[in-house]
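**Q** After the structure tokens below, expect a handful of questions from me.
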Amino acid sequence: MRTKSNIFYQFRAPSPRQLIWRQFNDNPIVVTAYYVLAIIMLAMLFAPILAPYSPEQQFNDAISLPPAWHPEGEMRFVFGTDDLGRDILSRVLYGARYSLGYPLLATIIAAVIGITIGAWAGMSRGVQSSTLTHFLDVVLSIPSLLLALVIVAILGPTLHTVMIAITLVLIPQFIHSVHNAFYTERSKEYVIASKLNGCSRNYLLRRVIFPNITSVVVIQFTYALSTAILDIAALGFLGLGVQAPAPEWGTMLARSMEHMYLSPWSMLLPGVALFMTVLTINILGDSLHRAIQQQDR
Amino acid sequence: MFRYSLSRILLFSITLWLLSIFTFALNYWYPGDPLTNMSGVVGEMTTAYQQESINRAMDSTIFRQYGQYIAHLVEGNWGISLSTQEPVFTAMRHHLGASLELIILGSAVAIVLGLPLGTYAALRQRQWQDKLIMTLSLSTYSIPVFWFAQLAILLFAIQLGWSPIAGQIHPLYAIETQTGSILLDIILSDVDYRGAAFINALQHLWLPTLVVALIPLTMLIRMIRSAVLDTLQLNHIKAARVRGLSDTTILFKHVLPTAIQPVLREAGLQFSVLVTNIIIVEVVFNWPGLGGWLVKSIFERDYPVLQGGLLCLAMLILVANFTIDLLHAWRYPQTRDVIDAD
């Protein structure tokens with residue numbers, strides 16, 4: 001890499017992060033996905049500024065209005081209104097908090113807890129470790145939506161119980177992947193070398209092994225995030241997640257289902273938003289996975 | 001193989017045992033009376049309740065209660081529904097039939113389409129056909145299944161009118177429910193309008209089947225593509241080329257049998273994704289299967305039904321995984337040693 005202040009040519013091997021970044025930049029689809037996700041994130045953060053109306057404001061003169069490009073549509077409601085006369089665009093913008101913000105939060109919490117437990121389990125040997133693996137295999141074979149449904153059935157469908165359910169469901173996935181990664185790294189030579197150097201267990205965990213399993217953690221994170229988004233939306237769709245009038249995308253889709261004959265456009269924007277969010281996250285995760293794999297070779 | 005089967009059977013029974021403990025504990029965690037949640041008998045003062053209380057050893061220790069719970073489960077006495085007063089076990093058999101019909105047809109469609117498409121993409125690696133298939137599969141993989149189901153209904157049922165919106169069969173055809181699977185029921189029944197009923201059922205069936213098949217299909221394409229690509233690098237393929245075998249012989253006799261091996265294993269793990277989709281699709285299409293039954297029971301706080309649905313779905317997944325594990329070890333002996341080494 002050349003820098004402007006340095007007139008002498010000096011070869012520097014790019015760091016792993018720069019290598020991944022270059023790999024990213026090579027593929028136009030990935031760059032597009034990156035920017036689309038960034039725009040969705042920004043729209044989520046600045047929803048109060050961007051949204052033309054409040055998500056709960058009802059316009060009695062504009063009930064079930066089609067989008068603006070339709071002959072009967074109006075320019076002030078670009079994507080139309082729903083059956084209660086609420087602006088769909090504003091609802092989708094505010095809904096990004098429920099459908100992207102809360103899953104993000106749940107995934108971060110689950111990641112912190114899951115990585116801690118997974119690292120601890122990965123470092124321990126013997127019975128403790130093998131019982132954990134078998135137990136996790138069982139928990140993971142049961143679909144996350146089914147577990148979340150059961151937790152919601154115990155605690156009742158509200159926003160915070162859904163959050164608890166999704167977090168609890170994601171934790172085993174993190175434990176599993178981090179545990180397996182630690183397990184394979186542990187017997188490698190560089191770890192044994194630092195052990196012989198007399199590193200403490202804590203140092204070994206955080207400074208020696210952890211930097212080498214970042215790829216696993218990152219991939220697991222994107223995977224868990226898309227699972228969390230889809231699960232929260234699915235719970236909302238089934239009527240067991242975030243409750244009305246909160247503008248959650250899955251709940252909006254469930255409502256549009258009832259008016260499919262009369263106003264089919266009301267399922268357009270929430271569905272597209274959900275699809276684009278999950279698609280960009282999957283593309284990013286997928287290419288990250290490929291970039292890291294290529295580096296290993 | 002014997003040792004391997006034994007260890008798998010042991011693991012499977014431990015898993016079932018853990019599952020039973022979990023569902024047993026759930027009855028105490030749900031709001032309300034544990035005995036009512038377990039058996040569906042209501043009213044503290046009634047004779048039926050007291051009889052049930054004695055049957056299930058409710059005033060004894062928790063271990064005896066668990067023992068009685070297991071005994072009741074094994075006998076097929078899964079309680080009665082709080083909302084319909086029907087025995088849960090008989091209702092479950094019908095719902096299981098309806099769900100299995102969707103699962104089997106959906107995975108059959110996924111396999112029939114996914115195998116050739118994945119192989120084709122691998123053989124055309126980095127050409128436009130491969131890129132098209134991979135882009136399509138990545139984007140369909142990200143479609144929320146309930147939105148896709150809605151779009152499919154909007155297009156095929158409302159705009160084009162090729163299929164009814166929901167349900168299993170038109171209610172005019174009075175088909176007696178025996179197995180729950182509608183096609184089997186029509187074949188088993190002895191009415192004269194069997195042919196017409198069969199066509200009507202197929203019209204109802206094809207759309208949910210396609211929606212269910214979509215996500216397993218995209219996953220299968222990706223798995224098969226990468227497995228075939230890995231296999232093409234192996235030495236025995238090179239050896240076959242050197243011997244001068246034709247491309248089709250190499251593909252069908254040497255590449256595919258090897259490539260199927262990792263796919264089979266991963267496909268077992270993907271079975272739970274299929275079940276997740278089944279739950280949602282059944283709600284959208286109002287299909288009388290396990291998923292719709294389970295979701296309805298949560299709305300109605302019908303805990304015996306919820307327990308029955310949960311047990312049945314979880315057992316379905318565990319049995320499927322167990323079968324695939326055994327099948328895998330039987331066909332590919334080298335995997336047995338890996339497990340033994342643990």
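Chains: A, B, ... in order of the structure tokens. Residues: from 1 per chain. Ligands: from 1, in order shown.
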Residues of chain B no more than 9 Å from chain A, counting only C-alpha atoms: send them over as a ChimeraX atom specification.
**A** /B:11,15,18-19,26,29-31,138-148,150-151,154,158,269-273,275-276,279-280,283-284,295,298-299,301,303,306,310,313-314,317-318,321,342
**Q** Let's have the selection written as a compact mmCIF listing (two decimals), in the first residue's frame, with N, CA and C atoms.
**A**
```
# COMPACT_ATOMS: atom_id res chain seq x y z
N LEU B 11 -28.05 -42.42 22.20
CA LEU B 11 -28.16 -40.96 22.13
C LEU B 11 -29.60 -40.55 21.86
N THR B 15 -32.04 -38.32 24.20
CA THR B 15 -32.69 -37.12 23.67
C THR B 15 -34.19 -37.13 23.94
N LEU B 18 -34.80 -36.35 27.54
CA LEU B 18 -34.67 -34.93 27.83
C LEU B 18 -35.90 -34.17 27.33
N LEU B 19 -36.37 -34.55 26.14
CA LEU B 19 -37.55 -33.90 25.58
C LEU B 19 -38.75 -34.10 26.49
N LEU B 26 -42.77 -28.03 31.33
CA LEU B 26 -43.56 -26.94 30.75
C LEU B 26 -44.92 -26.81 31.43
N TRP B 29 -44.69 -24.57 34.15
CA TRP B 29 -44.30 -23.19 33.84
C TRP B 29 -45.45 -22.40 33.20
N TYR B 30 -46.35 -23.11 32.51
CA TYR B 30 -47.48 -22.40 31.93
C TYR B 30 -48.31 -21.81 33.03
N PRO B 31 -49.03 -20.71 32.72
CA PRO B 31 -49.94 -20.19 33.72
C PRO B 31 -51.06 -21.21 33.98
N LEU B 138 -29.79 -17.69 -3.99
CA LEU B 138 -29.48 -16.86 -2.82
C LEU B 138 -30.64 -15.91 -2.52
N SER B 139 -31.28 -15.37 -3.58
CA SER B 139 -32.36 -14.43 -3.28
C SER B 139 -33.62 -15.16 -2.81
N THR B 140 -33.92 -16.33 -3.37
CA THR B 140 -35.11 -17.01 -2.86
C THR B 140 -34.87 -17.54 -1.45
N TYR B 141 -33.60 -17.80 -1.13
CA TYR B 141 -33.26 -18.26 0.21
C TYR B 141 -33.60 -17.19 1.24
N SER B 142 -33.55 -15.91 0.84
CA SER B 142 -33.80 -14.82 1.79
C SER B 142 -35.26 -14.39 1.84
N ILE B 143 -36.12 -14.95 0.98
CA ILE B 143 -37.52 -14.54 1.01
C ILE B 143 -38.17 -15.07 2.28
N PRO B 144 -38.82 -14.18 3.06
CA PRO B 144 -39.58 -14.69 4.20
C PRO B 144 -40.71 -15.56 3.66
N VAL B 145 -40.86 -16.76 4.22
CA VAL B 145 -41.76 -17.73 3.59
C VAL B 145 -43.20 -17.26 3.62
N PHE B 146 -43.58 -16.49 4.67
CA PHE B 146 -44.98 -16.06 4.72
C PHE B 146 -45.27 -15.02 3.65
N TRP B 147 -44.29 -14.19 3.33
CA TRP B 147 -44.49 -13.21 2.26
C TRP B 147 -44.57 -13.91 0.91
N PHE B 148 -43.71 -14.89 0.73
CA PHE B 148 -43.72 -15.64 -0.52
C PHE B 148 -45.06 -16.35 -0.70
N GLN B 150 -47.91 -15.41 0.52
CA GLN B 150 -48.90 -14.39 0.19
C GLN B 150 -48.83 -14.02 -1.28
N LEU B 151 -47.61 -13.80 -1.78
CA LEU B 151 -47.44 -13.43 -3.18
C LEU B 151 -47.95 -14.54 -4.09
N LEU B 154 -51.62 -14.46 -4.12
CA LEU B 154 -52.07 -13.29 -4.88
C LEU B 154 -51.98 -13.57 -6.37
N ILE B 158 -55.60 -15.55 -6.80
CA ILE B 158 -56.51 -14.42 -7.00
C ILE B 158 -56.44 -13.90 -8.43
N LEU B 269 -29.79 -32.07 8.68
CA LEU B 269 -29.81 -30.91 9.57
C LEU B 269 -30.80 -29.86 9.06
N GLN B 270 -31.02 -29.83 7.74
CA GLN B 270 -31.92 -28.82 7.19
C GLN B 270 -33.38 -29.20 7.38
N PHE B 271 -33.63 -30.40 7.89
CA PHE B 271 -35.00 -30.83 8.08
C PHE B 271 -35.75 -29.89 9.02
N SER B 272 -35.05 -29.33 10.00
CA SER B 272 -35.73 -28.43 10.94
C SER B 272 -36.16 -27.14 10.24
N VAL B 273 -35.41 -26.70 9.22
CA VAL B 273 -35.83 -25.53 8.45
C VAL B 273 -37.15 -25.83 7.74
N VAL B 275 -39.41 -27.89 8.70
CA VAL B 275 -40.50 -27.92 9.67
C VAL B 275 -40.93 -26.50 10.04
N THR B 276 -39.96 -25.58 10.18
CA THR B 276 -40.31 -24.18 10.45
C THR B 276 -41.22 -23.65 9.36
N ILE B 279 -44.79 -24.94 9.51
CA ILE B 279 -45.65 -24.30 10.51
C ILE B 279 -46.30 -23.06 9.89
N ILE B 280 -45.48 -22.23 9.23
CA ILE B 280 -46.01 -20.96 8.70
C ILE B 280 -46.93 -21.22 7.51
N VAL B 283 -50.35 -22.25 8.43
CA VAL B 283 -51.21 -21.17 8.92
C VAL B 283 -51.72 -20.35 7.74
N VAL B 284 -50.84 -20.04 6.78
CA VAL B 284 -51.25 -19.19 5.66
C VAL B 284 -52.30 -19.89 4.81
N VAL B 295 -50.16 -23.51 16.49
CA VAL B 295 -50.29 -22.05 16.62
C VAL B 295 -51.66 -21.69 17.16
N ILE B 298 -51.85 -22.10 20.85
CA ILE B 298 -51.23 -21.05 21.66
C ILE B 298 -52.21 -19.90 21.83
N PHE B 299 -52.94 -19.57 20.75
CA PHE B 299 -53.94 -18.51 20.87
C PHE B 299 -55.00 -18.86 21.89
N ARG B 301 -54.80 -20.85 24.41
CA ARG B 301 -54.22 -21.34 25.69
C ARG B 301 -54.63 -22.78 25.94
N TYR B 303 -53.31 -25.88 26.50
CA TYR B 303 -51.99 -26.44 26.79
C TYR B 303 -51.83 -27.92 26.47
N LEU B 306 -51.06 -27.97 22.87
CA LEU B 306 -49.73 -27.40 22.64
C LEU B 306 -48.65 -28.43 22.94
N LEU B 310 -46.14 -29.97 20.19
CA LEU B 310 -44.70 -29.80 20.38
C LEU B 310 -43.99 -31.15 20.39
N LEU B 313 -44.00 -32.67 16.79
CA LEU B 313 -43.07 -32.02 15.85
C LEU B 313 -41.63 -32.32 16.22
N ALA B 314 -41.31 -32.21 17.53
CA ALA B 314 -39.94 -32.45 17.96
C ALA B 314 -39.53 -33.88 17.68
N ILE B 317 -38.75 -34.46 14.03
CA ILE B 317 -37.41 -33.99 13.64
C ILE B 317 -36.35 -34.97 14.14
N LEU B 318 -36.50 -35.39 15.42
CA LEU B 318 -35.49 -36.29 15.99
C LEU B 318 -35.45 -37.61 15.23
N ASN B 321 -33.73 -37.11 11.90
CA ASN B 321 -32.27 -37.01 12.03
C ASN B 321 -31.63 -38.36 12.33
N ASP B 342 -14.75 -40.39 18.96
CA ASP B 342 -15.10 -39.34 19.93
C ASP B 342 -14.97 -39.80 21.37
```
**Q** Taking the chain letters and numbering used in this document, name the residues of region 6-95 of chain A that DSSP puts in alpha helix (DSSP H), as a PDB file with N, CA and C atoms, in the first residue's frame.
**A**
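The result, written out as selection_23.pdb:
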```pdb
ATOM      1  N   PRO A  16      -5.082  -8.773   7.274  1.00  0.00           N
ATOM      2  CA  PRO A  16      -6.235  -9.607   6.939  1.00  0.00           C
ATOM      3  C   PRO A  16      -7.487  -8.783   6.671  1.00  0.00           C
ATOM      4  N   ARG A  17      -7.680  -7.726   7.459  1.00  0.00           N
ATOM      5  CA  ARG A  17      -8.885  -6.936   7.298  1.00  0.00           C
ATOM      6  C   ARG A  17      -8.895  -6.252   5.928  1.00  0.00           C
ATOM      7  N   GLN A  18      -7.698  -5.737   5.521  1.00  0.00           N
ATOM      8  CA  GLN A  18      -7.617  -5.089   4.211  1.00  0.00           C
ATOM      9  C   GLN A  18      -7.863  -6.085   3.087  1.00  0.00           C
ATOM     10  N   LEU A  19      -7.355  -7.316   3.280  1.00  0.00           N
ATOM     11  CA  LEU A  19      -7.563  -8.349   2.264  1.00  0.00           C
ATOM     12  C   LEU A  19      -9.048  -8.630   2.075  1.00  0.00           C
ATOM     13  N   ILE A  20      -9.756  -8.733   3.192  1.00  0.00           N
ATOM     14  CA  ILE A  20     -11.193  -8.996   3.112  1.00  0.00           C
ATOM     15  C   ILE A  20     -11.885  -7.836   2.425  1.00  0.00           C
ATOM     16  N   TRP A  21     -11.452  -6.640   2.745  1.00  0.00           N
ATOM     17  CA  TRP A  21     -12.061  -5.451   2.167  1.00  0.00           C
ATOM     18  C   TRP A  21     -11.870  -5.426   0.653  1.00  0.00           C
ATOM     19  N   ARG A  22     -10.657  -5.813   0.211  1.00  0.00           N
ATOM     20  CA  ARG A  22     -10.399  -5.847  -1.234  1.00  0.00           C
ATOM     21  C   ARG A  22     -11.279  -6.877  -1.913  1.00  0.00           C
ATOM     22  N   GLN A  23     -11.377  -8.030  -1.291  1.00  0.00           N
ATOM     23  CA  GLN A  23     -12.227  -9.086  -1.831  1.00  0.00           C
ATOM     24  C   GLN A  23     -13.665  -8.580  -1.986  1.00  0.00           C
ATOM     25  N   PHE A  24     -14.095  -7.831  -0.990  1.00  0.00           N
ATOM     26  CA  PHE A  24     -15.423  -7.243  -0.996  1.00  0.00           C
ATOM     27  C   PHE A  24     -15.600  -6.315  -2.182  1.00  0.00           C
ATOM     28  N   ASN A  25     -14.606  -5.439  -2.380  1.00  0.00           N
ATOM     29  CA  ASN A  25     -14.729  -4.413  -3.405  1.00  0.00           C
ATOM     30  C   ASN A  25     -14.718  -4.970  -4.810  1.00  0.00           C
ATOM     31  N   ASP A  26     -14.197  -6.189  -4.973  1.00  0.00           N
ATOM     32  CA  ASP A  26     -14.137  -6.788  -6.299  1.00  0.00           C
ATOM     33  C   ASP A  26     -15.512  -7.089  -6.859  1.00  0.00           C
ATOM     34  N   PRO A  28     -19.336  -6.304  -7.462  1.00  0.00           N
ATOM     35  CA  PRO A  28     -20.288  -5.189  -7.415  1.00  0.00           C
ATOM     36  C   PRO A  28     -21.550  -5.516  -6.625  1.00  0.00           C
ATOM     37  N   ILE A  29     -21.992  -6.789  -6.674  1.00  0.00           N
ATOM     38  CA  ILE A  29     -23.217  -7.145  -5.952  1.00  0.00           C
ATOM     39  C   ILE A  29     -23.019  -6.949  -4.455  1.00  0.00           C
ATOM     40  N   VAL A  30     -21.825  -7.339  -3.975  1.00  0.00           N
ATOM     41  CA  VAL A  30     -21.557  -7.221  -2.546  1.00  0.00           C
ATOM     42  C   VAL A  30     -21.503  -5.753  -2.136  1.00  0.00           C
ATOM     43  N   VAL A  31     -20.889  -4.937  -2.984  1.00  0.00           N
ATOM     44  CA  VAL A  31     -20.813  -3.505  -2.661  1.00  0.00           C
ATOM     45  C   VAL A  31     -22.219  -2.915  -2.605  1.00  0.00           C
ATOM     46  N   THR A  32     -23.063  -3.309  -3.568  1.00  0.00           N
ATOM     47  CA  THR A  32     -24.445  -2.833  -3.563  1.00  0.00           C
ATOM     48  C   THR A  32     -25.146  -3.256  -2.274  1.00  0.00           C
ATOM     49  N   ALA A  33     -24.985  -4.527  -1.926  1.00  0.00           N
ATOM     50  CA  ALA A  33     -25.626  -5.024  -0.712  1.00  0.00           C
ATOM     51  C   ALA A  33     -25.172  -4.226   0.504  1.00  0.00           C
ATOM     52  N   TYR A  34     -23.871  -3.918   0.530  1.00  0.00           N
ATOM     53  CA  TYR A  34     -23.308  -3.162   1.652  1.00  0.00           C
ATOM     54  C   TYR A  34     -23.982  -1.805   1.771  1.00  0.00           C
ATOM     55  N   TYR A  35     -24.125  -1.103   0.605  1.00  0.00           N
ATOM     56  CA  TYR A  35     -24.732   0.230   0.661  1.00  0.00           C
ATOM     57  C   TYR A  35     -26.216   0.158   0.965  1.00  0.00           C
ATOM     58  N   VAL A  36     -26.891  -0.853   0.409  1.00  0.00           N
ATOM     59  CA  VAL A  36     -28.329  -0.973   0.688  1.00  0.00           C
ATOM     60  C   VAL A  36     -28.562  -1.193   2.178  1.00  0.00           C
ATOM     61  N   LEU A  37     -27.741  -2.055   2.771  1.00  0.00           N
ATOM     62  CA  LEU A  37     -27.904  -2.307   4.207  1.00  0.00           C
ATOM     63  C   LEU A  37     -27.618  -1.037   5.001  1.00  0.00           C
ATOM     64  N   ALA A  38     -26.595  -0.285   4.564  1.00  0.00           N
ATOM     65  CA  ALA A  38     -26.270   0.968   5.248  1.00  0.00           C
ATOM     66  C   ALA A  38     -27.447   1.934   5.166  1.00  0.00           C
ATOM     67  N   ILE A  39     -28.092   2.001   3.984  1.00  0.00           N
ATOM     68  CA  ILE A  39     -29.238   2.901   3.825  1.00  0.00           C
ATOM     69  C   ILE A  39     -30.386   2.465   4.735  1.00  0.00           C
ATOM     70  N   ILE A  40     -30.619   1.135   4.807  1.00  0.00           N
ATOM     71  CA  ILE A  40     -31.705   0.647   5.671  1.00  0.00           C
ATOM     72  C   ILE A  40     -31.423   0.999   7.129  1.00  0.00           C
ATOM     73  N   MET A  41     -30.146   0.837   7.530  1.00  0.00           N
ATOM     74  CA  MET A  41     -29.758   1.164   8.915  1.00  0.00           C
ATOM     75  C   MET A  41     -29.996   2.642   9.191  1.00  0.00           C
ATOM     76  N   LEU A  42     -29.569   3.496   8.233  1.00  0.00           N
ATOM     77  CA  LEU A  42     -29.738   4.936   8.426  1.00  0.00           C
ATOM     78  C   LEU A  42     -31.220   5.285   8.492  1.00  0.00           C
ATOM     79  N   ALA A  43     -32.017   4.657   7.608  1.00  0.00           N
ATOM     80  CA  ALA A  43     -33.453   4.925   7.611  1.00  0.00           C
ATOM     81  C   ALA A  43     -34.059   4.538   8.951  1.00  0.00           C
ATOM     82  N   MET A  44     -33.532   3.445   9.537  1.00  0.00           N
ATOM     83  CA  MET A  44     -34.034   3.015  10.836  1.00  0.00           C
ATOM     84  C   MET A  44     -33.724   4.071  11.904  1.00  0.00           C
ATOM     85  N   LEU A  45     -32.466   4.583  11.866  1.00  0.00           N
ATOM     86  CA  LEU A  45     -32.045   5.533  12.903  1.00  0.00           C
ATOM     87  C   LEU A  45     -32.771   6.867  12.759  1.00  0.00           C
ATOM     88  N   ALA A  47     -35.703   7.513  11.278  1.00  0.00           N
ATOM     89  CA  ALA A  47     -37.110   7.379  10.907  1.00  0.00           C
ATOM     90  C   ALA A  47     -37.946   8.595  11.319  1.00  0.00           C
ATOM     91  N   PRO A  48     -37.776   9.155  12.523  1.00  0.00           N
ATOM     92  CA  PRO A  48     -38.616  10.301  12.891  1.00  0.00           C
ATOM     93  C   PRO A  48     -38.430  11.497  11.971  1.00  0.00           C
ATOM     94  N   ILE A  49     -37.224  11.663  11.385  1.00  0.00           N
ATOM     95  CA  ILE A  49     -36.998  12.797  10.485  1.00  0.00           C
ATOM     96  C   ILE A  49     -37.521  12.473   9.094  1.00  0.00           C
ATOM     97  N   LEU A  50     -37.287  11.221   8.642  1.00  0.00           N
ATOM     98  CA  LEU A  50     -37.607  10.864   7.265  1.00  0.00           C
ATOM     99  C   LEU A  50     -39.093  10.615   7.047  1.00  0.00           C
ATOM    100  N   ILE A  88     -48.396   3.915   4.735  1.00  0.00           N
ATOM    101  CA  ILE A  88     -47.599   2.688   4.785  1.00  0.00           C
ATOM    102  C   ILE A  88     -46.112   3.003   4.845  1.00  0.00           C
ATOM    103  N   LEU A  89     -45.669   4.038   4.098  1.00  0.00           N
ATOM    104  CA  LEU A  89     -44.247   4.372   4.096  1.00  0.00           C
ATOM    105  C   LEU A  89     -43.770   4.734   5.503  1.00  0.00           C
ATOM    106  N   SER A  90     -44.537   5.573   6.212  1.00  0.00           N
ATOM    107  CA  SER A  90     -44.128   5.955   7.569  1.00  0.00           C
ATOM    108  C   SER A  90     -44.083   4.739   8.471  1.00  0.00           C
ATOM    109  N   ARG A  91     -45.074   3.866   8.307  1.00  0.00           N
ATOM    110  CA  ARG A  91     -45.105   2.681   9.176  1.00  0.00           C
ATOM    111  C   ARG A  91     -43.902   1.778   8.911  1.00  0.00           C
ATOM    112  N   VAL A  92     -43.532   1.621   7.628  1.00  0.00           N
ATOM    113  CA  VAL A  92     -42.388   0.761   7.334  1.00  0.00           C
ATOM    114  C   VAL A  92     -41.102   1.375   7.883  1.00  0.00           C
ATOM    115  N   LEU A  93     -40.981   2.705   7.756  1.00  0.00           N
ATOM    116  CA  LEU A  93     -39.769   3.360   8.265  1.00  0.00           C
ATOM    117  C   LEU A  93     -39.651   3.186   9.778  1.00  0.00           C
ATOM    118  N   TYR A  94     -40.755   3.422  10.495  1.00  0.00           N
ATOM    119  CA  TYR A  94     -40.712   3.230  11.945  1.00  0.00           C
ATOM    120  C   TYR A  94     -40.566   1.758  12.302  1.00  0.00           C
ATOM    121  N   GLY A  95     -41.146   0.899  11.465  1.00  0.00           N
ATOM    122  CA  GLY A  95     -41.122  -0.531  11.743  1.00  0.00           C
ATOM    123  C   GLY A  95     -39.735  -1.131  11.694  1.00  0.00           C
TER     124      GLY A  95
END
```
**Q** As a count of residues only, please: the residues near Gly97 (chain B) (cut-off 10 Å, only C-alpha atoms, same-chain neighbours under 6 positions excluded).
**A** 12
**Q** Give me, as a PyMOL selection string, all polymer residues having an atom no more than 10 Å from His254 (chain B), counting only C-alpha atoms and skipping those fewer than 3 positions away in the same chain.
**A** chain B and resi 231-232+236-237+240+248-251+257-259
**Q** Which one is closest to Met58 (chain B): B:Gln334, B:Ser163, B:Thr36, B:Gln125? Count only C-alpha atoms.
**A** B:Thr36
